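K.L.:
Here's a structure for you.
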There are 4 protein chains.
Amino acid sequence: MSVNTFGRLLRFTTWGESHGPALGAVVDGCPPGLALDEAAIQPFLDARRPGQSKFTTQRQEPDAVKILSGVFEGKTTGTPISLMIENVDQRSKDYSEVAKAYRPGHADYAYDAKYGFRDYRGGGRSSARETAARVAAGAVARLVIPEVTVRAWVSEIGGDAIVMDNFDFAEIGNNPFFCPDAEAAKRWEVLVDEARLAGSSVGAVVECEATGVPAGWGAPLYGKLDADLAAAMMGINAVKGVEIGDGFAAARLTGEGNADPMRPSSTPGEDGPDFLANHAGGIAGGISTGQPVRVRVAFKPTSSILTPQQTINRDGEATEMFTKGRHDPCVGIRGVPVVEAMMALVLADHKLLHRGQCG
Amino acid sequence: MSVNTFGRLLRFTTWGESHGPALGAVVDGCPPGLALDEAAIQPFLDARRPGQSKFTTQRQEPDAVKILSGVFEGKTTGTPISLMIENVDQRSKDYSEVAKAYRPGHADYAYDAKYGFRDYRGGGRSSARETAARVAAGAVARLVIPEVTVRAWVSEIGGDAIVMDNFDFAEIGNNPFFCPDAEAAKRWEVLVDEARLAGSSVGAVVECEATGVPAGWGAPLYGKLDADLAAAMMGINAVKGVEIGDGFAAARLTGEGNADPMRPSSTPGEDGPDFLANHAGGIAGGISTGQPVRVRVAFKPTSSILTPQQTINRDGEATEMFTKGRHDPCVGIRGVPVVEAMMALVLADHKLLHRGQCG
Amino acid sequence: MSVNTFGRLLRFTTWGESHGPALGAVVDGCPPGLALDEAAIQPFLDARRPGQSKFTTQRQEPDAVKILSGVFEGKTTGTPISLMIENVDQRSKDYSEVAKAYRPGHADYAYDAKYGFRDYRGGGRSSARETAARVAAGAVARLVIPEVTVRAWVSEIGGDAIVMDNFDFAEIGNNPFFCPDAEAAKRWEVLVDEARLAGSSVGAVVECEATGVPAGWGAPLYGKLDADLAAAMMGINAVKGVEIGDGFAAARLTGEGNADPMRPSSTPGEDGPDFLANHAGGIAGGISTGQPVRVRVAFKPTSSILTPQQTINRDGEATEMFTKGRHDPCVGIRGVPVVEAMMALVLADHKLLHRGQCG
Amino acid sequence: MSVNTFGRLLRFTTWGESHGPALGAVVDGCPPGLALDEAAIQPFLDARRPGQSKFTTQRQEPDAVKILSGVFEGKTTGTPISLMIENVDQRSKDYSEVAKAYRPGHADYAYDAKYGFRDYRGGGRSSARETAARVAAGAVARLVIPEVTVRAWVSEIGGDAIVMDNFDFAEIGNNPFFCPDAEAAKRWEVLVDEARLAGSSVGAVVECEATGVPAGWGAPLYGKLDADLAAAMMGINAVKGVEIGDGFAAARLTGEGNADPMRPSSTPGEDGPDFLANHAGGIAGGISTGQPVRVRVAFKPTSSILTPQQTINRDGEATEMFTKGRHDPCVGIRGVPVVEAMMALVLADHKLLHRGQCG
């Protein structure tokens, strides 16, 4: 089976392959009357766009989005919004090797096992290129939740983490790593470049925070906000782990150490309480608490490396292969806008769900 | 909004509160012709049942399941299977305090923020007691995937992890912690008892492995097997983190260190390859590879502790409270049968999905 | 596949067989804070209850509903509402004949073809007895739409239609046919009794009207209000046709004859227009217009008749059978509360959907 | 709310407005390995294409479909199939009148009531032009069910019905009405032309038959084959009624008259029985019986007529309007390929559903 739609009330469906003519997303369920044009989407695609530094793949794609439906006189109409991004740089290449053998660590073998057949050019549908469509859809989702600010950053590359004392969100535009710690960014420049030159790759951790989420979003017990976020993040290419709030660290705390006590709000006119901590990451019982929603996402190192690896071909025979193409030495970096997009999409969906039942 | 149904083709819907007359699950989409009676479900409920040692809550519930529909002459008919578990030990108690104030770390405040109203007796719908219904549904799911063996264990309590050299799955029946390391079980007996006596609590990590899953299950891109597992696990009470395969550790590896090379099968007559490692946890591109599917789940420490904590009441005024009731000092322990159930439910669903499209 | 859940935001899942211990519905997504107890549901079940006149089956069922979850202190909590109705009069009977051969016109052959196996006692899951669960769920749905009045009646039995000049809704309580035309009710008494005594059966047409539906409900293009109503009605046992507004008669009109012109509202303070006709049945483009929503539903004659009919047995051999059991000579009569319930369920769902996106 | 996706396992999502740059469908869940190119889809679009005779709208659209994803080396890959049709003849026109006032009988008022805003050019999203996307999706669905033959025809226009003795399916290509009765086609030529010249319009009834459907498709109780067909047909623009098999006529029959007795198959090697009648239209209990599946669909007359009608404008003031644009005098005619497409889509979906659970 294929399931290419995500969401409950605000839904998006993506389509397209790495080396097809185009890819896109249809965003359905977006409320009417929101100001939307291509310029509201393009900056997010630009942030994800490849080829902007030597630390990402050299594939050159303008990733220019076109809105084909759902907008009239500059406003959403409540009907489906069709977004299309044409592929430009499908470099002509000899795919005979990848057509015949399975790249280890990639989805090649699994796709063949499932479908008996696959578009092997650049990974086809399993390529991270598809995440451009999610980023475009995420830009629409942001319009649905103007009260919320979503921002993500890389907090760790190759096991080297940022120092929270150095955290300055303004820094993330000053380096090619979305890194909020200027010191760490300098170290990563060396670290990632070494991996790149060695034909190797490194993993990364991306963190995302949404502020301004009111208490009450989430649909227990099987549409919990944290469960939906976990699915959204785990479904991103190369992701192997998701944490809400303290995540695995919470498993090493005592009840006292993990407590999030409450006080009456110190802000005049504010309804919600002041929380004295946020171990929970802004979600309790699957429902937002009014605190910042915090997620951490683990990206594995890019599977494409120059070191030859043992594998098998479509006939089940032993062979060796290494991956020659254009690749990101650290795929987690370009995961930042994707993580933000998925956070926005999940939150926007839950805003509408909450309003539907409890509005 | 409330969403109390999980799954795509094999779906289950649960209902019931901690202190209501009963709770249950309706399992829909189960194939016909499978042998099913109460005795096929009860052992899994017994494994989760409270009050079996001093390390779990002292609430006494027989958790006897009744099958109310969907089975005829001992076999499933393909129609919905209604499972009911009556609540027996809803101890009469004074709930006036918890009715008025929000227990920190619990879902009390979030539920009130969402619904403007809640059943405060024992946490109502947000109580982990509901997981009995998931365990019952999971027992049905196991019948759908006889080719698969699902088993989980506790691998870490309060930061103290098992040693893989000591791993012996047969041990998990010999201690009250589902612990496969006899040495660790002895240490945990002290550790959890100390927490219990101090009115404190500790977190835990549960691991789950499914063997026998063929290559090809999973529904990319938004019904990926790992994304569905992440949602299933993150939606369990007290869970704050989910990892597939190496999880966050993979973010600290290089591409070489994270590789899962393949060789032709060394087993005569076997189709699939031999994998030389399983960093991926049996899933690539959201599709099973034929290797064991491996998940790690972080449970926070129980939020109910005896230390008084600052909180607010329904009028927004400052107060203090501590939790007197019957509670698990380490809620992760009883998470083991729940994690197994959710693994079985997700895999069974994906077996049917795969057969639908690619069968 | 089995799909036993209906609805998008307000969803209900039913379970149970004709001769099992009980049947029920789980209503999920109901907004919190609505006053609900068994007494709010029972009158609708009583209207549908069998054995109340000689014109319906003589099976005696009290159809007493129990609420097992989702209500606290007399109000809905926003969590799933589990409703159970115990079966009482599963008369001991010899089912050997129906176990072996397929009753023509019933679902016996189709169920066996699908599932390879069936609960043959009283039709099992395919029995109209399941509609009790829909009626119970419908009573909950009515609470979600207090602004709407839903009422249905029988407009035609055995080809004999009511006369609109005689229409008096108050009459439907004065006869066993839910007939708003006292004259027609007298004729039907003879007509249905003749069918009953002859061991035959007759068809019927049920009409339903919902007033108070505001303009704007409906989710085009594939969740249109009329399409959802069509599915809801066609899914009722024995239904073979559904019309919205003028239905098939509209296909015989000209554009002029079918027009629904509008005038400014003649009611001071009213927003919507006055419509000069309602050929459309209150729905345009799949969205409610503010006019009464009108549906007509065709029920075939009960398939169980005393005349022996040719059929085959499970081994594919020719045989004859006639149906001895307790049956309704005109199944459409007891369809009235079911049609009302489905109308209420669809409208309540669309109210929530509309509020979610456009609220 | 907007819901622009139809189906359960084989799903399609459509997008696009009458006067936008393009419209399209994303077909998801299509099995892999099916031969597909534009030429397999185009003939069905050509059958629906406007401007082919004086009896349909004079808008000139080539309706050339492009496949943008999901096909590789001429075969489906199991990933989403994106289909796009560019709009060519969006004739420049003065829309100021329709922007301000609501065309009676159209969805104008309802859309504004729902969304507070609408794309008024040619009806925007509510235009029947969107059905081109359904027809394209339907062509893909046909590939999923090669064992099934789906064909539809017009059986009645303006109250003038075909005579079954004259029925010859080969005739439908010989006239512009998809009419299988050559005599009726001649009468309709006069009838429809009179309506066209008078600026009036007429209704129609379309019938559709699917042969080759095996027994066992359908997902009771809320995904019944007939309920899904009813939703699919009622959701087509201008449809006001749906019948399965004898439909409303069955409500006028006795149980004896409506019986569908069975005999052992007279065809050697055939499993299923011979049915002696098909009043049920090939569906019992929501499951196919192996007989031809038969549906009748009522199309109202086109609402756009030249006779001025009373209406209101966006300010709620009284006005009059008539519709000047290019319109079909009998919109039911071009409904034929749309009805066929929806039949194919529903059946293909249910084939996959059945295989998932019972395969």
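Letters for chains follow the order of the structure tokens (A, B, ...), residue numbers begin at 1 for each chain, and ligand numbers begin at 1 in the order shown.
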Only residues of chain C matter here; which ones have an atom within 12 Å of chain A, counting only C-alpha atoms? Give them as a ChimeraX atom specification.

P.N.:
/C:8-11,28-34,76-80,144,219-223,348-359

K.L.:
Output N, CA and C atoms of each residue in that selection to a file, as a compact mmCIF listing (two decimals), in the first residue's frame.

P.N.:
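Everything below was put into out_23.txt:
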# COMPACT_ATOMS: atom_id res chain seq x y z
N ARG C 8 -16.92 11.52 10.03
CA ARG C 8 -15.61 12.13 9.87
C ARG C 8 -15.12 12.74 11.18
N LEU C 9 -15.85 13.67 11.73
CA LEU C 9 -15.49 14.20 13.06
C LEU C 9 -16.36 13.58 14.14
N LEU C 10 -17.64 13.52 13.91
CA LEU C 10 -18.52 12.76 14.81
C LEU C 10 -18.64 11.37 14.18
N ARG C 11 -18.00 10.41 14.78
CA ARG C 11 -17.94 9.07 14.21
C ARG C 11 -18.64 8.08 15.13
N ASP C 28 -17.78 8.54 18.88
CA ASP C 28 -16.54 9.26 19.17
C ASP C 28 -16.57 10.64 18.53
N GLY C 29 -16.01 11.61 19.22
CA GLY C 29 -15.94 12.95 18.67
C GLY C 29 -17.09 13.83 19.11
N CYS C 30 -17.94 13.33 19.99
CA CYS C 30 -19.06 14.14 20.48
C CYS C 30 -18.50 15.28 21.34
N PRO C 31 -18.92 16.50 21.11
CA PRO C 31 -18.43 17.62 21.92
C PRO C 31 -18.73 17.42 23.40
N PRO C 32 -17.92 18.01 24.25
CA PRO C 32 -18.12 17.89 25.69
C PRO C 32 -19.23 18.82 26.18
N GLY C 33 -19.76 18.48 27.36
CA GLY C 33 -20.66 19.40 28.05
C GLY C 33 -22.12 19.28 27.69
N LEU C 34 -22.48 18.26 26.88
CA LEU C 34 -23.89 18.09 26.52
C LEU C 34 -24.58 17.18 27.54
N THR C 76 -21.68 14.90 28.69
CA THR C 76 -20.63 14.29 27.87
C THR C 76 -19.30 14.93 28.21
N THR C 77 -18.24 14.10 28.14
CA THR C 77 -16.91 14.60 28.49
C THR C 77 -16.03 14.85 27.27
N GLY C 78 -16.53 14.54 26.09
CA GLY C 78 -15.71 14.66 24.88
C GLY C 78 -14.95 13.38 24.57
N THR C 79 -15.08 12.39 25.42
CA THR C 79 -14.42 11.10 25.19
C THR C 79 -15.46 10.10 24.64
N PRO C 80 -15.03 8.94 24.16
CA PRO C 80 -15.98 8.06 23.46
C PRO C 80 -17.13 7.58 24.35
N VAL C 144 -26.09 17.24 19.46
CA VAL C 144 -25.04 18.09 18.87
C VAL C 144 -25.66 19.18 18.00
N ALA C 219 -19.12 19.38 2.75
CA ALA C 219 -17.68 19.43 2.51
C ALA C 219 -17.34 19.00 1.10
N PRO C 220 -17.59 19.88 0.12
CA PRO C 220 -17.26 19.52 -1.26
C PRO C 220 -15.76 19.29 -1.43
N LEU C 221 -15.45 18.52 -2.45
CA LEU C 221 -16.27 17.87 -3.43
C LEU C 221 -16.57 16.42 -3.11
N TYR C 222 -15.83 15.79 -2.16
CA TYR C 222 -16.09 14.37 -1.91
C TYR C 222 -16.62 14.09 -0.52
N GLY C 223 -17.03 15.16 0.16
CA GLY C 223 -17.74 15.01 1.41
C GLY C 223 -18.99 15.89 1.34
N ALA C 348 -24.93 16.35 12.19
CA ALA C 348 -24.07 16.69 13.33
C ALA C 348 -22.60 16.65 12.92
N ASP C 349 -22.25 15.65 12.15
CA ASP C 349 -20.88 15.53 11.66
C ASP C 349 -20.49 16.76 10.84
N HIS C 350 -21.39 17.18 9.96
CA HIS C 350 -21.08 18.32 9.09
C HIS C 350 -21.07 19.63 9.85
N LYS C 351 -21.84 19.73 10.92
CA LYS C 351 -21.75 20.93 11.74
C LYS C 351 -20.33 21.07 12.31
N LEU C 352 -19.81 19.97 12.83
CA LEU C 352 -18.46 20.00 13.40
C LEU C 352 -17.40 20.25 12.33
N LEU C 353 -17.56 19.60 11.19
CA LEU C 353 -16.61 19.81 10.09
C LEU C 353 -16.58 21.27 9.66
N HIS C 354 -17.75 21.84 9.52
CA HIS C 354 -17.83 23.23 9.08
C HIS C 354 -17.17 24.16 10.10
N ARG C 355 -17.45 23.89 11.37
CA ARG C 355 -16.88 24.72 12.42
C ARG C 355 -15.36 24.59 12.46
N GLY C 356 -14.88 23.37 12.17
CA GLY C 356 -13.43 23.16 12.18
C GLY C 356 -12.72 24.03 11.17
N GLN C 357 -13.23 24.04 9.96
CA GLN C 357 -12.52 24.79 8.93
C GLN C 357 -12.93 26.25 8.85
N CYS C 358 -14.21 26.49 8.94
CA CYS C 358 -14.70 27.84 8.67
C CYS C 358 -15.17 28.54 9.94
N GLY C 359 -15.00 27.90 11.09
CA GLY C 359 -15.58 28.45 12.33
C GLY C 359 -14.80 29.63 12.90

K.L.:
Give me every strand (DSSP E or B) residue in stretch 132-292 of chain D, going by DSSP on the backbone, as an NGL selection string.

P.N.:
:D and (149-157 or 160-161 or 202 or 204-211 or 219 or 221 or 223 or 239-244 or 254 or 262-263 or 274-275 or 283-284 or 287-288)

K.L.:
Neighbouring residues of A:Ala136 were defined as those with any atom within 8 Å, considering only C-alpha atoms; residues of the same chain fewer than 4 positions away were excluded. Please report them as a list in words.

P.N.:
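Listed by chain and then number, they are Ala25, Ile41, Gln42, Phe44, Leu45, Val65, Leu83, Ala132, Val140 and Ala341 of chain A.
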
K.L.:
Can you write just those residues out, N, CA, C and O atoms, as a PDB file, in the first residue's frame?

P.N.:
ATOM      1  N   ALA A  25       2.355  19.140  -4.131  1.00  0.00           N
ATOM      2  CA  ALA A  25       1.500  18.829  -2.991  1.00  0.00           C
ATOM      3  C   ALA A  25       0.127  19.429  -3.253  1.00  0.00           C
ATOM      4  O   ALA A  25       0.011  20.512  -3.833  1.00  0.00           O
ATOM      5  N   ILE A  41       5.428  31.317   0.059  1.00  0.00           N
ATOM      6  CA  ILE A  41       5.946  29.943   0.163  1.00  0.00           C
ATOM      7  C   ILE A  41       7.426  29.870  -0.149  1.00  0.00           C
ATOM      8  O   ILE A  41       8.184  29.119   0.451  1.00  0.00           O
ATOM      9  N   GLN A  42       7.849  30.685  -1.138  1.00  0.00           N
ATOM     10  CA  GLN A  42       9.190  30.529  -1.695  1.00  0.00           C
ATOM     11  C   GLN A  42      10.323  30.615  -0.664  1.00  0.00           C
ATOM     12  O   GLN A  42      11.275  29.826  -0.737  1.00  0.00           O
ATOM     13  N   PHE A  44      10.604  29.542   2.280  1.00  0.00           N
ATOM     14  CA  PHE A  44      10.802  28.277   2.982  1.00  0.00           C
ATOM     15  C   PHE A  44      11.452  27.248   2.067  1.00  0.00           C
ATOM     16  O   PHE A  44      12.298  26.466   2.487  1.00  0.00           O
ATOM     17  N   LEU A  45      11.066  27.272   0.792  1.00  0.00           N
ATOM     18  CA  LEU A  45      11.724  26.393  -0.170  1.00  0.00           C
ATOM     19  C   LEU A  45      13.176  26.802  -0.374  1.00  0.00           C
ATOM     20  O   LEU A  45      14.058  25.950  -0.528  1.00  0.00           O
ATOM     21  N   VAL A  65       8.031  27.489  -6.789  1.00  0.00           N
ATOM     22  CA  VAL A  65       6.709  26.900  -6.610  1.00  0.00           C
ATOM     23  C   VAL A  65       5.671  27.646  -7.438  1.00  0.00           C
ATOM     24  O   VAL A  65       5.745  28.868  -7.595  1.00  0.00           O
ATOM     25  N   LEU A  83       0.069  22.795  -5.443  1.00  0.00           N
ATOM     26  CA  LEU A  83       1.391  23.412  -5.511  1.00  0.00           C
ATOM     27  C   LEU A  83       2.300  22.527  -6.365  1.00  0.00           C
ATOM     28  O   LEU A  83       2.343  21.313  -6.159  1.00  0.00           O
ATOM     29  N   ALA A 132      10.631  18.734  -0.496  1.00  0.00           N
ATOM     30  CA  ALA A 132      10.307  20.083  -0.988  1.00  0.00           C
ATOM     31  C   ALA A 132       8.797  20.300  -0.964  1.00  0.00           C
ATOM     32  O   ALA A 132       8.305  21.381  -0.618  1.00  0.00           O
ATOM     33  N   VAL A 140       1.908  26.868   3.803  1.00  0.00           N
ATOM     34  CA  VAL A 140       0.468  27.127   3.869  1.00  0.00           C
ATOM     35  C   VAL A 140      -0.032  26.919   5.301  1.00  0.00           C
ATOM     36  O   VAL A 140      -0.819  27.713   5.832  1.00  0.00           O
ATOM     37  N   ALA A 341       8.316  22.457   8.827  1.00  0.00           N
ATOM     38  CA  ALA A 341       7.094  22.312   8.035  1.00  0.00           C
ATOM     39  C   ALA A 341       6.160  21.283   8.657  1.00  0.00           C
ATOM     40  O   ALA A 341       4.949  21.512   8.791  1.00  0.00           O
TER      41      ALA A 341
END

K.L.:
Using only C-alpha atoms, which protein or nucleic acid residues come within 9 Å of B:Val213? Drop anything in the same chain fewer than 4 positions from it, and give the result as a compact mmCIF listing (two decimals) with C-alpha atoms, in the first residue's frame.

P.N.:
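Once everything was written out, this is selection.txt:
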# COMPACT_ATOMS: atom_id res chain seq x y z
CA ILE B 145 0.32 -12.28 11.92
CA GLU B 147 4.40 -15.58 11.04
CA VAL B 148 5.64 -12.85 13.38
CA THR B 149 6.97 -13.11 16.96
CA TRP B 217 5.34 -4.05 4.75
CA GLY B 282 14.49 -3.56 10.08
CA SER B 288 10.28 -3.55 6.32
CA THR B 289 13.51 -5.14 5.05
CA GLY B 290 12.96 -8.64 6.39
CA GLN B 291 15.28 -8.06 9.34
CA PRO B 292 13.96 -7.92 12.92
CA VAL B 293 11.97 -4.74 13.51
CA LEU B 347 2.27 -4.92 11.90

K.L.:
Do a neighbour search on D:Pro62 at 10 Å with only C-alpha atoms, toss out local chain neighbours closer than 4 positions, and write the hits as a list of chain:residue names.

P.N.:
D:Gln42, D:Leu45, D:Asp46, D:Arg49, D:Pro50, D:Gly51, D:Ile85, D:Glu86, D:Asn87, D:Val88, D:Asp89

K.L.:
Give me the residues within 12 Å of A:Ala230 as JSON, numbers by chain, counting only C-alpha atoms and dropping any in the same chain fewer than 2 places off.

P.N.:
{"A": [223, 224, 225, 226, 227, 228, 232, 233, 234, 235, 236, 239, 240, 241, 242, 243, 244, 245, 247, 286, 294, 295, 296, 297, 298, 339, 342, 343, 346], "B": [224, 226, 227, 228, 229, 230, 231, 232, 233, 234, 235, 236, 239, 240, 241, 242, 243, 244, 297]}

K.L.:
Would you pick out the contacts of C:Leu191 at 9 Å or less, using only C-alpha atoms, so that residues sharing its chain but fewer than 5 positions from it are not included, and give the list as a ChimeraX atom specification?

P.N.:
/C:157-158,186,196,202

K.L.:
Here is a test: counting only C-alpha atoms, which residue of A:Val206, A:Ile67, A:Ile162, A:Met262 is nearest to B:Asn313?

P.N.:
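Nearest to B:Asn313: A:Met262.
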
K.L.:
Which one of C:Asn175, C:Thr211, C:Gln90, C:Gln52 sits closest to C:Ala22 if you count only C-alpha atoms?

P.N.:
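For C:Ala22, the nearest of the given residues is C:Gln90.
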
K.L.:
One number please: atom CA of D:Ser304 to atom CA of D:Met321, in Å, one decimal.

P.N.:
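Interatomic distance here is 10.1 Å.
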
K.L.:
DSSP on the backbone, then: every residue of stretch 91-227 of chain C marked alpha helix (DSSP H), written as JSON, numbers by chain.

P.N.:
{"C": [96, 97, 98, 99, 100, 108, 109, 110, 111, 112, 113, 114, 115, 131, 132, 133, 134, 135, 136, 137, 138, 139, 140, 141, 142, 143, 144, 182, 183, 184, 185, 186, 187, 188, 189, 190, 191, 192, 193, 194, 195, 196, 197, 225, 226, 227]}

K.L.:
Calculate how many Å separate atom CA of D:Gly203 from atom CA of D:Lys114, rounding to one decimal.

P.N.:
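Going from atom CA of D:Gly203 over to atom CA of D:Lys114 covers 27.3 Å.
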